[in-house]
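Structure file coords.tsv with TSV, C-alpha atoms and all ligand atoms:
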chain	number	residue	atom	x	y	z
A	1	MET	CA	10.02	10.63	-1.78
A	2	LYS	CA	9.17	10.12	-5.46
A	3	LEU	CA	6.54	7.83	-6.88
A	4	PRO	CA	7.85	5.37	-9.48
A	5	GLY	CA	4.96	6.46	-11.75
A	6	GLY	CA	3.14	9.58	-10.62
A	7	VAL	CA	-0.20	11.32	-10.95
A	8	TRP	CA	-1.15	12.85	-14.29
A	9	ARG	CA	-2.78	16.23	-13.75
A	10	GLU	CA	-3.25	19.14	-16.16
A	11	GLY	CA	-0.79	17.73	-18.66
A	12	CYS	CA	2.02	17.09	-16.14
A	13	LEU	CA	3.25	14.19	-14.04
A	14	HIS	CA	3.43	14.84	-10.30
A	15	ARG	CA	5.71	12.41	-8.49
A	16	ASP	CA	6.49	13.95	-5.08
A	17	VAL	CA	4.80	12.39	-2.07
A	18	VAL	CA	5.11	13.02	1.67
A	19	PHE	CA	3.86	10.77	4.47
A	20	ARG	CA	2.34	12.21	7.64
A	21	SER	CA	4.37	11.81	10.82
A	22	VAL	CA	3.35	8.79	12.88
A	23	ASP	CA	1.07	9.65	15.79
A	24	GLY	CA	-1.98	8.06	17.37
A	25	HIS	CA	-4.37	9.73	14.91
A	26	LEU	CA	-2.60	8.09	11.96
A	27	GLU	CA	-2.48	4.70	13.69
A	28	MET	CA	-6.17	4.96	14.59
A	29	ALA	CA	-7.08	5.89	10.99
A	30	LEU	CA	-5.04	2.96	9.64
A	31	ALA	CA	-6.64	0.53	12.08
A	32	GLU	CA	-10.06	1.79	10.97
A	33	ALA	CA	-9.12	1.54	7.28
A	34	ALA	CA	-8.06	-2.07	7.73
A	35	GLY	CA	-11.17	-3.08	9.64
A	36	ALA	CA	-14.07	-1.17	8.13
A	37	LEU	CA	-14.08	-2.02	4.44
A	38	HIS	CA	-14.34	-5.41	2.83
A	39	ASP	CA	-12.33	-5.15	-0.35
A	40	ILE	CA	-8.56	-4.60	-0.49
A	41	PRO	CA	-8.50	-1.72	-3.05
A	42	SER	CA	-10.86	0.30	-0.81
A	43	ARG	CA	-8.78	-0.46	2.28
A	44	VAL	CA	-5.62	0.60	0.46
A	45	SER	CA	-7.26	3.88	-0.63
A	46	GLU	CA	-8.44	4.57	2.94
A	47	ALA	CA	-5.01	3.77	4.38
A	48	LEU	CA	-3.17	5.91	1.82
A	49	GLN	CA	-5.52	8.83	2.28
A	50	ALA	CA	-4.88	8.67	6.04
A	51	ALA	CA	-1.13	8.27	5.66
A	52	LEU	CA	-0.25	10.75	2.91
A	53	ALA	CA	0.22	14.43	3.73
A	54	GLU	CA	0.90	15.42	0.11
A	55	VAL	CA	0.77	14.02	-3.40
A	56	GLY	CA	2.25	16.43	-5.95
A	57	SER	CA	1.89	19.38	-3.48
A	58	GLN	CA	-1.80	18.61	-3.01
A	59	VAL	CA	-3.49	17.21	0.11
A	60	PRO	CA	-4.82	13.91	-1.23
A	61	ASP	CA	-8.51	13.09	-1.04
A	62	TRP	CA	-10.06	9.67	-1.64
A	63	GLU	CA	-10.44	10.37	-5.36
A	64	LEU	CA	-6.77	11.19	-5.79
A	65	VAL	CA	-5.44	8.09	-4.00
A	66	ASP	CA	-7.97	6.00	-5.92
A	67	ALA	CA	-6.56	7.44	-9.16
A	68	LEU	CA	-2.97	6.44	-8.33
A	69	SER	CA	-1.68	3.62	-10.53
A	70	VAL	CA	-1.62	0.13	-9.03
A	71	GLY	CA	2.21	0.12	-9.07
A	72	ASP	CA	2.36	3.45	-7.22
A	73	ARG	CA	-0.14	2.21	-4.64
A	74	GLN	CA	1.86	-0.97	-4.02
A	75	PHE	CA	5.07	1.07	-3.78
A	76	LEU	CA	3.43	3.44	-1.25
A	77	MET	CA	2.04	0.61	0.89
A	78	SER	CA	5.47	-1.09	1.03
A	79	ARG	CA	7.17	2.19	2.02
A	80	LEU	CA	4.35	2.92	4.50
A	81	ALA	CA	5.25	-0.35	6.30
A	82	SER	CA	8.77	0.99	6.66
A	83	HIS	CA	7.52	4.48	7.70
A	84	LEU	CA	5.47	2.81	10.44
A	85	GLY	CA	8.52	1.00	11.77
A	86	LEU	CA	7.66	-2.41	10.26
A	87	GLU	CA	10.69	-2.40	7.98
A	88	SER	CA	12.22	-5.69	9.01
A	89	VAL	CA	9.49	-8.28	8.78
A	90	TRP	CA	10.24	-11.96	9.35
A	91	LEU	CA	8.60	-14.21	6.78
A	92	SER	CA	8.29	-17.93	7.49
A	93	ALA	CA	9.04	-20.19	4.56
A	94	THR	CA	9.35	-23.85	3.66
A	95	CYS	CA	12.37	-24.61	1.51
A	96	GLY	CA	11.34	-25.98	-1.88
A	97	TYR	CA	14.51	-28.14	-2.02
A	98	CYS	CA	15.07	-29.70	1.45
A	99	HIS	CA	11.56	-28.93	2.82
A	100	GLY	CA	13.09	-27.42	5.99
A	101	GLN	CA	11.40	-24.46	7.68
A	102	PHE	CA	13.24	-21.17	7.91
A	103	ASP	CA	12.61	-17.49	8.65
A	104	PHE	CA	13.67	-14.75	6.30
A	105	PRO	CA	13.88	-11.00	7.06
A	106	LEU	CA	12.24	-8.69	4.52
A	107	ASP	CA	12.95	-4.95	4.49
A	108	TYR	CA	9.80	-3.33	3.10
A	109	GLY	CA	11.62	-0.05	2.49
A	110	ALA	CA	14.01	-1.74	0.09
A	111	ILE	CA	11.77	-3.88	-2.12
A	112	PRO	CA	12.91	-3.20	-5.70
A	113	VAL	CA	10.63	-1.23	-8.00
A	114	LYS	CA	10.55	-1.20	-11.78
A	115	PRO	CA	10.19	2.47	-12.82
A	116	ALA	CA	7.49	3.65	-15.20
A	117	GLY	CA	8.24	3.36	-18.93
A	118	GLU	CA	8.38	6.10	-21.57
A	119	GLY	CA	5.00	7.75	-22.08
A	120	TYR	CA	3.57	6.77	-18.66
A	121	PRO	CA	0.70	6.79	-17.76
A	122	PHE	CA	-0.32	6.36	-21.42
A	123	ALA	CA	0.54	3.95	-24.22
A	124	GLU	CA	-0.56	3.72	-27.85
A	125	VAL	CA	-1.88	0.40	-29.15
A	126	LEU	CA	-3.12	-0.77	-32.54
A	127	LEU	CA	-6.36	-2.71	-32.10
A	128	ALA	CA	-8.86	-4.15	-34.59
A	129	MET	CA	-10.80	-0.86	-34.31
A	130	GLY	CA	-7.66	1.20	-35.07
A	131	GLN	CA	-5.06	3.10	-33.03
A	132	VAL	CA	-6.16	3.90	-29.47
A	133	GLN	CA	-4.62	5.42	-26.38
A	134	VAL	CA	-4.68	3.39	-23.15
A	135	ARG	CA	-3.74	4.37	-19.59
A	136	VAL	CA	-2.37	2.28	-16.75
A	137	PRO	CA	-4.92	0.77	-14.32
A	138	THR	CA	-5.65	2.50	-11.01
A	139	GLY	CA	-7.12	1.61	-7.63
A	140	ALA	CA	-10.56	2.64	-8.91
A	141	ASP	CA	-10.18	0.13	-11.77
A	142	GLN	CA	-9.17	-2.63	-9.35
A	143	ARG	CA	-12.32	-2.03	-7.33
A	144	ALA	CA	-14.58	-1.76	-10.38
A	145	ILE	CA	-13.63	-5.22	-11.66
A	146	LEU	CA	-14.21	-6.90	-8.28
A	147	SER	CA	-17.88	-7.22	-9.17
A	148	TRP	CA	-16.95	-9.59	-12.04
A	149	PRO	CA	-16.58	-13.01	-10.43
A	150	ASP	CA	-15.29	-14.57	-13.64
A	151	GLU	CA	-11.56	-13.87	-14.18
A	152	GLN	CA	-11.85	-13.64	-17.98
A	153	ARG	CA	-14.74	-11.15	-17.77
A	154	ALA	CA	-12.75	-9.09	-15.27
A	155	ARG	CA	-9.79	-9.05	-17.72
A	156	VAL	CA	-12.03	-7.81	-20.56
A	157	GLU	CA	-13.59	-5.16	-18.32
A	158	LEU	CA	-10.20	-3.93	-17.08
A	159	ALA	CA	-8.87	-3.63	-20.66
A	160	ARG	CA	-12.01	-1.76	-21.71
A	161	ARG	CA	-11.74	0.67	-18.79
A	162	CYS	CA	-8.11	1.47	-19.62
A	163	ILE	CA	-8.98	2.73	-23.14
A	164	VAL	CA	-9.03	6.54	-23.27
A	165	GLY	CA	-12.21	7.62	-25.09
A	166	GLU	CA	-14.76	5.54	-26.97
A	167	SER	CA	-14.20	1.89	-27.80
A	168	SER	CA	-16.01	-0.94	-29.54
A	169	ALA	CA	-15.98	-4.66	-28.66
A	170	LEU	CA	-12.52	-6.07	-27.95
A	171	THR	CA	-11.11	-9.25	-29.46
A	172	ASP	CA	-8.81	-11.60	-27.49
A	173	ASP	CA	-5.86	-10.21	-29.46
A	174	ASP	CA	-6.90	-6.65	-28.56
A	175	ILE	CA	-6.92	-7.52	-24.86
A	176	ALA	CA	-3.50	-9.18	-25.07
A	177	CYS	CA	-2.13	-6.09	-26.93
A	178	ILE	CA	-3.50	-3.74	-24.28
A	179	GLU	CA	-2.06	-5.82	-21.44
A	180	THR	CA	1.40	-6.00	-23.05
A	181	ALA	CA	1.46	-2.25	-23.74
A	182	LEU	CA	0.40	-1.43	-20.16
A	183	GLU	CA	2.89	-3.84	-18.60
A	184	ALA	CA	5.68	-2.11	-20.53
A	185	VAL	CA	4.76	1.33	-19.21
A	186	ALA	CA	3.37	0.65	-15.69
A	187	PRO	CA	5.68	0.90	-12.65
A	188	GLU	CA	5.85	-2.33	-10.69
A	189	LEU	CA	6.86	-3.39	-7.21
A	190	SER	CA	8.69	-6.74	-7.12
A	191	THR	CA	6.25	-9.49	-6.21
A	192	HIS	CA	8.91	-11.99	-5.10
A	193	VAL	CA	12.11	-11.89	-3.11
A	194	ALA	CA	15.07	-14.29	-3.35
A	195	ALA	CA	15.47	-16.17	-0.05
A	196	PRO	CA	18.35	-18.68	0.12
A	197	CYS	CA	17.72	-21.60	2.48
A	198	PRO	CA	20.15	-21.47	5.47
A	199	GLU	CA	20.28	-25.31	5.55
A	200	CYS	CA	20.83	-26.39	1.94
A	201	GLY	CA	21.47	-23.05	0.20
A	202	GLY	CA	18.55	-23.64	-2.21
A	203	ASP	CA	17.37	-20.52	-4.05
A	204	ASN	CA	13.78	-20.03	-2.93
A	205	LEU	CA	11.53	-17.26	-4.21
A	206	LEU	CA	9.11	-15.97	-1.57
A	207	GLU	CA	5.97	-14.08	-2.48
A	208	ILE	CA	5.74	-10.53	-1.11
A	209	ASP	CA	2.46	-9.12	0.18
A	210	PRO	CA	2.68	-5.42	-0.79
A	211	TYR	CA	-0.23	-4.62	1.54
A	212	TYR	CA	1.40	-6.27	4.57
A	213	CYS	CA	0.93	-3.23	6.84
A	214	LEU	CA	-2.88	-3.29	6.47
A	215	GLY	CA	-4.29	-4.52	9.74
A	216	ARG	CA	-0.92	-4.63	11.51
A	217	VAL	CA	-1.05	-1.15	12.99
A	218	GLY	CA	-3.06	0.20	15.88
A	219	ASN	CA	-4.00	-3.15	17.45
A	220	GLU	CA	-2.51	-2.11	20.79
A	221	LEU	CA	-3.72	1.46	20.55
A	222	PHE	CA	-6.86	1.15	22.70
A	223	VAL	CA	-4.97	-0.59	25.50
A	224	GLU	CA	-2.30	2.11	25.36
A	225	ILE	CA	-4.87	4.94	25.44
A	226	HIS	CA	-6.51	3.23	28.40
A	227	HIS	CA	-3.24	3.01	30.36
A	228	LEU	CA	-2.22	6.61	29.63
A	229	ALA	CA	-5.69	8.04	30.35
A	230	ALA	CA	-5.93	6.10	33.62
A	231	HIS	CA	-2.46	7.18	34.73
A	232	TYR	CA	-2.15	10.78	33.55
A	233	HIS	CA	-5.85	11.65	33.07
A	234	TRP	CA	-5.19	12.93	29.54
A	235	SER	CA	-8.06	12.96	27.02
A	236	GLU	CA	-8.13	10.53	24.10
A	237	SER	CA	-7.40	13.35	21.69
A	238	GLU	CA	-4.37	14.54	23.70
A	239	ILE	CA	-3.00	10.99	23.72
A	240	LEU	CA	-3.55	10.55	19.97
A	241	ASN	CA	-1.70	13.83	19.34
A	242	LEU	CA	1.50	12.41	20.84
A	243	PRO	CA	4.12	11.23	18.36
A	244	ARG	CA	4.34	7.48	18.73
A	245	TRP	CA	7.83	7.49	20.31
A	246	ARG	CA	6.58	9.81	23.09
A	247	ARG	CA	3.52	7.63	23.71
A	248	LYS	CA	5.77	4.57	24.02
A	249	LYS	CA	8.13	6.47	26.32
A	250	TYR	CA	5.32	7.36	28.76
A	251	LEU	CA	4.05	3.77	28.65
A	252	SER	CA	7.49	2.50	29.57
A	253	LEU	CA	7.60	4.99	32.48
A	254	ILE	CA	4.24	3.72	33.75
A	255	ASP	CA	5.56	0.16	33.48
A	256	ARG	CA	8.72	1.09	35.36
A	257	ALA	CA	6.74	2.82	38.12
A	258	ARG	CA	4.59	-0.31	38.48
A	259	GLY	CA	7.71	-2.47	38.71
A	260	MET	CA	9.00	-0.27	41.55
A	261	ALA	CA	5.69	-0.42	43.41
A	262	THR	CA	5.58	-4.24	43.54
A	301	ZN	ZN	16.69	-26.01	1.98
This entry written out as structure tokens:
Amino acid sequence: MKLPGGVWREGCLHRDVVFRSVDGHLEMALAEAAGALHDIPSRVSEALQAALAEVGSQVPDWELVDALSVGDRQFLMSRLASHLGLESVWLSATCGYCHGQFDFPLDYGAIPVKPAGEGYPFAEVLLAMGQVQVRVPTGADQRAILSWPDEQRARVELARRCIVGESSALTDDDIACIETALEAVAPELSTHVAAPCPECGGDNLLEIDPYYCLGRVGNELFVEIHHLAAHYHWSESEILNLPRWRRKKYLSLIDRARGMAT
């Protein structure tokens, strides 16, 4: 799989990524990532570090997934949902035209992505202080601006962080220039999906949560480990080593045996 943007390392862009195969260890790590940390950028970094086997032929650490661009991180989380078997998710919506309720299936593996622009991850902008180079925002930037409760201050801080090298105070025009330049070059996952109403045919736009799979994996894991350990006397680690389909298969056999016994 290729990232829509990629990681910039030693003068080259690295775009190849590989997910780990789905077993109990991955599901446990994702459940822990979703539950342990308070802010979303940290949870996304934890989840991606657990889920990715390779980024640009390198085993990713926390620093590397934190340094992925926001668009790449959203792309990866949407494709992770699909990798985990959550590809067809039913969203509930209220039609904006007839106000009827309807459900709409969303395939996380197929959400459109705008590819990175020429020059990614950098762009040149002319500010009041002169010509500067800026780079697209990352997960680390998202987390850094969380401490600014005021939205305008967070905007200024994000623009300042994206300047490569030294910078002086930014004017409002500078910030707008930086944002426009970065939007042109940054990859982007679609934030909305067209959902026609089955009753009136009205064209509704539903908002997509790119981080949908956070907190939706591993909820049943402890119950499943308990059943398998009680039945087969396997250790927790042996159970977590099983690919998910094999774990589910054994659980269905236990269920079937119970059905026969009653
Ligand atoms: Zn309608």
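Coordinates place CA of Gly109 (chain A) at a distance of 5.2 Å from CA of Ser82 (chain A).
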Q. Within 9 Å of Leu205 (chain A), counting all atoms listed in the file, which residues qualify if same-chain residues fewer than 4 places away don't, as a count of residues only?
A. 5
Q: Return as number ranges by chain every polymer residue, whether protein, DNA or RNA, with at least one atom no more than 12 Å from an atom of ligand ZN 301 (chain A); count only C-alpha atoms and all ligand atoms.
A: A: 93-103, 195-205
Q: Check the smallest atom-to-atom distance from each of A:Leu106, A:Val113, A:Cys162, A:Ala176 to Val132 (chain A) using all atoms listed in the file, then report the winner.
A: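 That would be A:Cys162, the residue with the smallest distance to Val132 (chain A).
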Q: For Arg20 (chain A), list every protein, DNA or RNA residue within 7 Å, evaluated using only C-alpha atoms, and leave out those in the same chain fewer than 4 positions away; present the list as a PyMOL selection string.
A: chain A and resi 51-53
Given the selection you just returned, output its residues as a file containing C-alpha atoms, formatted as a PDB file, keeping the file's coordinate frame.
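Contents of out-v9.pdb, as written:
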ATOM      1  CA  ALA A  51      -1.130   8.270   5.660  1.00  0.00           C
ATOM      2  CA  LEU A  52      -0.250  10.750   2.910  1.00  0.00           C
ATOM      3  CA  ALA A  53       0.220  14.430   3.730  1.00  0.00           C
TER       4      ALA A  53
END
Q: Have a look at CA of Ile145 (chain A) and CA of Leu80 (chain A) and let me know their distance in Å, one decimal.
A: 25.5 Å
Q: Mind checking which residues fall within 9 Å of Leu86 (chain A), counting all atoms listed in the file, ignoring those fewer than 2 positions away in the same chain, and posting them as a list of chain:residue names?
A: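 With the cut-off at 9 Å, the set is A:Leu80, A:Ala81, A:Ser82, A:His83, A:Leu84, A:Ser88, A:Val89, A:Asp107, A:Tyr108, A:Cys213, A:Arg216.
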Just the selected residues (C-alpha atoms), exported as an mmCIF file, keeping the file's coordinate frame, please.
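File out-v4.cif, as written:
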data_model
loop_
_atom_site.group_PDB
_atom_site.id
_atom_site.type_symbol
_atom_site.label_atom_id
_atom_site.label_comp_id
_atom_site.auth_asym_id
_atom_site.auth_seq_id
_atom_site.Cartn_x
_atom_site.Cartn_y
_atom_site.Cartn_z
ATOM 1 C CA LEU A 80 4.350 2.920 4.500
ATOM 2 C CA ALA A 81 5.250 -0.350 6.300
ATOM 3 C CA SER A 82 8.770 0.990 6.660
ATOM 4 C CA HIS A 83 7.520 4.480 7.700
ATOM 5 C CA LEU A 84 5.470 2.810 10.440
ATOM 6 C CA SER A 88 12.220 -5.690 9.010
ATOM 7 C CA VAL A 89 9.490 -8.280 8.780
ATOM 8 C CA ASP A 107 12.950 -4.950 4.490
ATOM 9 C CA TYR A 108 9.800 -3.330 3.100
ATOM 10 C CA CYS A 213 0.930 -3.230 6.840
ATOM 11 C CA ARG A 216 -0.920 -4.630 11.510
#
(Q) Just checking: using only C-alpha atoms, which residue out of A:Glu124, A:Glu207, A:Asp66, A:Glu188 ends up closest to Gly139 (chain A)? (A)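 Result for the nearest residue to Gly139 (chain A): A:Asp66.
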Q. When distances are computed from all atoms listed in the file, which of A:Pro115, A:Gln58, A:Ile40, A:Leu126 shows the smallest separation from Ala144 (chain A)?
A.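 Among the listed residues, the smallest separation from Ala144 (chain A) belongs to A:Ile40.
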Please put the answer as JSON: centre and edge lengths, in Å with one decimal, of a box along x, y and z that encloses all listed atoms of region 10-19 of chain A plus 5 Å on each side.
{"center_x": 1.6, "center_y": 15.0, "center_z": -7.1, "size_x": 19.7, "size_y": 18.4, "size_z": 33.1}
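Across the structure, CA of Cys177 (chain A) and CA of Val70 (chain A) are spaced 19.0 Å apart.
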Q: With a distance cut-off of 12 Å and all atoms listed in the file, select the neighbouring residues of Val17 (chain A), excluding the residue or stretch itself and same-chain residues fewer than 4 positions from it, and output the selection as number ranges by chain.
A: A: 1-7, 48-49, 51-60, 65, 68, 72-73, 75-76, 79-80
Q | Residues within 12 Å of Gly215 (chain A), only C-alpha atoms, excluding chain neighbours under 6 positions, as a list in words | A |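 Near neighbours after the sequence-gap exclusion: Glu27, Met28, Ala29, Leu30, Ala31, Glu32, Ala33, Ala34, Gly35, Ala36, Leu37, Ile40, Arg43, Val44, Ala47 and Ala81 of chain A.
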Q: Can you work out which one of A:Trp234, A:Ala50, A:Glu118, A:Asp172 has the shortest atom-to-atom distance to Val18 (chain A), counting all atoms listed in the file?
A: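 Nearest candidate to Val18 (chain A) out of A:Trp234, A:Ala50, A:Glu118, A:Asp172: A:Ala50.
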Q. Closest to Ser21 (chain A) among A:Lys248, A:Ala116, A:Leu146, A:Gly85, using all atoms listed in the file?
A. A:Gly85
